[in-house]
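Engineer: The following block contains the structure, expressed as structure tokens.
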Amino acid sequence: MDALPYTTTIRPDTGLTNPKLGIWLFLASEVMLFGSLFSAYALLRTGAPSWPDQSAVLNVPLATLNTVILISSSVTMVMAWAGAASGKLSRYRLFMGLTLLGGALFLVVKVIEYSEKFSHGLYPSTNNFLALYFTMTGLHAIHVIAGMVVNAYLIGPGTRMWTRDHLRFTNRIEIAGIYWHFVDVVWIFLFPVLYLL
Amino acid sequence: MSGPGTNTHAVNVRGYLMVFATLMVLTIITVAVASLNLSEGTTVLVAVSIATIKAALVAMFFMHLKSEKPMVFWPLGLTAVLFAALFAFLLWTEGDHLFGTKFSDAFGSAPKTSEPGGH
């Protein structure tokens, strides 16, 4: 399994490991993906003759709870990496487990929110604001699920690498963490833009 | 564990917890300011500014950008420019009523009103 070069050693011409440069290039494309939706939101809202009172339509306390959950899961993710980097397997497992739990709780709250909207007859087709709300939060939720799949692998079968190639394993946690923190950053902007403004 | 040629950042648990506490305080401030019924412009400015500070804290400390190599910042810098462009383009269509300026007037190509009694 030495097909992938520079997974733990620094590649001289970039000064980075390949996975590190790879995740940042991927996240650069992700910024543009979400950026296009944020600019679509700005265009539709500034061009609209009237706009719904967002905080009255959406559930601000639930979204605040979700913000706390996702930020907490970001902290537990970096603590999981810190546990792995320090060679403490039980610490790593604890914090990675908590990160997964945070992701799951976030999705549960999201399902509650969506159900609440649907039960009130509020759908993406209702108006431009709800179309943007469901598109942006839905795309974000898909990213949460993707991150959870990776994290579940890393706390499950992926842990085999802990003893075989510990440094590479730690780097994997860091890379997965960078992605997870990005998902957190997207929510940090989604929360005020969709719920509070 | 870290050494030359490897890829590890210093572990700083106390620092992570301090960033976490700061993020929580900023979240509370965001919600509190939004409930103050300030003008729309002020609310947007405060909310987006606080969100940017929170995002910067996460990026610098949790994503290790604070101690990252220069090569990471090249694609990110380009992305920042393109991201800004996405919003700059809005000015072509929305600048008029957002800022009260008439871009067509500014460039001297505003169509003249020819209606009787028009201004």
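Ordering of the structure tokens sets the chain letters (A, B, ...), residue numbers begin anew at 1 in every chain, and ligands are numbered from 1 in the order given.
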Write out as a PyMOL selection string each polymer residue whose atoms come within 12 Å of Val81 in chain B, counting only C-alpha atoms; drop sequence neighbours fewer than 4 positions from it.
Structural biologist: (chain A and resi 28+31-32+35) or (chain B and resi 74-77+85-88)
Engineer: If you count only C-alpha atoms, which residues fall within 8 Å of Tyr179 in chain A, apart from same-chain ones fewer than 4 positions away, as a PyMOL selection string?
Structural biologist: chain A and resi 23+27+147+175+183
Engineer: Do you have, as CSV, the list of residues of chain A lying at most 7 Å from chain B, each with its nearest atom pair and that distance in Å to one decimal, counting only C-alpha atoms and ordered by chain then number?
Structural biologist:
residue,atom,partner,partner_atom,distance
A:Thr8,CA,B:Thr6,CA,5.8
A:Thr9,CA,B:Thr6,CA,4.6
A:Ile10,CA,B:Gly5,CA,5.1
A:Thr14,CA,B:Met71,CA,6.0
A:Gly15,CA,B:Lys69,CA,6.5
A:Leu16,CA,B:Lys69,CA,6.8
A:Thr17,CA,B:Asn7,CA,6.9
A:Leu21,CA,B:Val72,CA,6.5
A:Trp24,CA,B:Val72,CA,6.7
A:Leu25,CA,B:Pro75,CA,6.6
A:Ala28,CA,B:Thr79,CA,5.9
A:Met32,CA,B:Phe83,CA,6.3
A:Gly35,CA,B:Phe83,CA,6.2
A:Ser36,CA,B:Leu86,CA,6.8
A:Ser39,CA,B:Phe87,CA,5.7
A:Leu43,CA,B:Leu90,CA,6.2
A:Thr46,CA,B:Glu94,CA,6.7
A:Gly47,CA,B:Glu94,CA,6.5
A:Val75,CA,B:Phe20,CA,6.6
A:Val78,CA,B:Phe62,CA,6.1
A:Ala82,CA,B:Val11,CA,5.7
A:Ile178,CA,B:Met63,CA,5.1
A:His181,CA,B:Met63,CA,6.7
A:Val185,CA,B:Ala55,CA,5.3
A:Ile188,CA,B:Ala51,CA,5.9
A:Phe189,CA,B:Ala51,CA,5.7
A:Pro192,CA,B:Ala47,CA,6.2
A:Leu196,CA,B:Ala34,CA,5.9
A:Leu197,CA,B:Val44,CA,6.3
Engineer: Write down as an MDAnalysis selection string the residues belonging to chain A that are assigned helix (DSSP H, G or I) by DSSP computed on the backbone.
Structural biologist: chainID A and resid 18:47 54:57 60:85 89:119 128:155 157:164 166:196
Engineer: For CA of Ile173 in chain A and CA of Ala84 in chain A, quote the distance in Å rounded to one decimal.
Structural biologist: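 Between CA of Ile173 in chain A and CA of Ala84 in chain A the gap is 7.8 Å.
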Engineer: Can you tell me how far CA of Thr22 in chain B sits from CA of Ile142 in chain A, in Å to one decimal?
Structural biologist: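 Going from CA of Thr22 in chain B over to CA of Ile142 in chain A covers 27.5 Å.
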Engineer: Give me the residues near range 88-99 of chain A as a list in words, where near means some atom within 9 Å (using only C-alpha atoms) and where sequence neighbours in that chain fewer than 3 positions away do not count.
Structural biologist: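 Everything that qualifies: Leu70, Ser72, Ser73, Ser74, Val75, Thr76, Met77, Val78, Met79, Ala80, Trp81, Ala82, Gly83, Ala84, Ala85, Gly102, Gly103, Ala104, Met148, Asn151, Ala152, Leu154, Ile155 and Trp162 of chain A.
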Engineer: Looking at only C-alpha atoms, which of A:Ala48, A:Val68, A:Leu132, A:Val109 is the one that sits closest to Leu26 in chain B?
Structural biologist: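 Closest to Leu26 in chain B, using only C-alpha atoms: A:Val68.
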Engineer: As an exercise, work out the distance from CA of Tyr133 in chain A to CA of Tyr41 in chain A in Å and give it to one decimal place.
Structural biologist: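 Computing the Euclidean distance for CA of Tyr133 in chain A and CA of Tyr41 in chain A yields 9.1 Å.
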Engineer: Give me the residues near Phe134 in chain A as a PyMOL selection string, where near means some atom within 9 Å (using only C-alpha atoms) and where sequence neighbours in that chain fewer than 5 positions away do not count.
Structural biologist: chain A and resi 114+123-124+129+139
Engineer: Can those selected residues be exported to a file as a PDB file, in the first residue's frame so that it contains N, CA and C atoms?
Structural biologist:
ATOM      1  N   TYR A 114     -37.605  20.478   9.873  1.00  0.00           N
ATOM      2  CA  TYR A 114     -38.231  20.242   8.567  1.00  0.00           C
ATOM      3  C   TYR A 114     -39.671  19.751   8.750  1.00  0.00           C
ATOM      4  N   TYR A 123     -43.268  24.563   2.189  1.00  0.00           N
ATOM      5  CA  TYR A 123     -42.426  23.712   1.342  1.00  0.00           C
ATOM      6  C   TYR A 123     -41.466  24.587   0.539  1.00  0.00           C
ATOM      7  N   PRO A 124     -40.478  23.965  -0.120  1.00  0.00           N
ATOM      8  CA  PRO A 124     -39.578  24.767  -0.975  1.00  0.00           C
ATOM      9  C   PRO A 124     -40.329  25.553  -2.043  1.00  0.00           C
ATOM     10  N   PHE A 129     -37.772  32.421  -0.300  1.00  0.00           N
ATOM     11  CA  PHE A 129     -37.020  32.252   0.935  1.00  0.00           C
ATOM     12  C   PHE A 129     -36.977  30.783   1.359  1.00  0.00           C
ATOM     13  N   LEU A 139     -28.404  20.988   1.543  1.00  0.00           N
ATOM     14  CA  LEU A 139     -27.045  20.713   1.046  1.00  0.00           C
ATOM     15  C   LEU A 139     -26.069  20.613   2.218  1.00  0.00           C
TER      16      LEU A 139
END
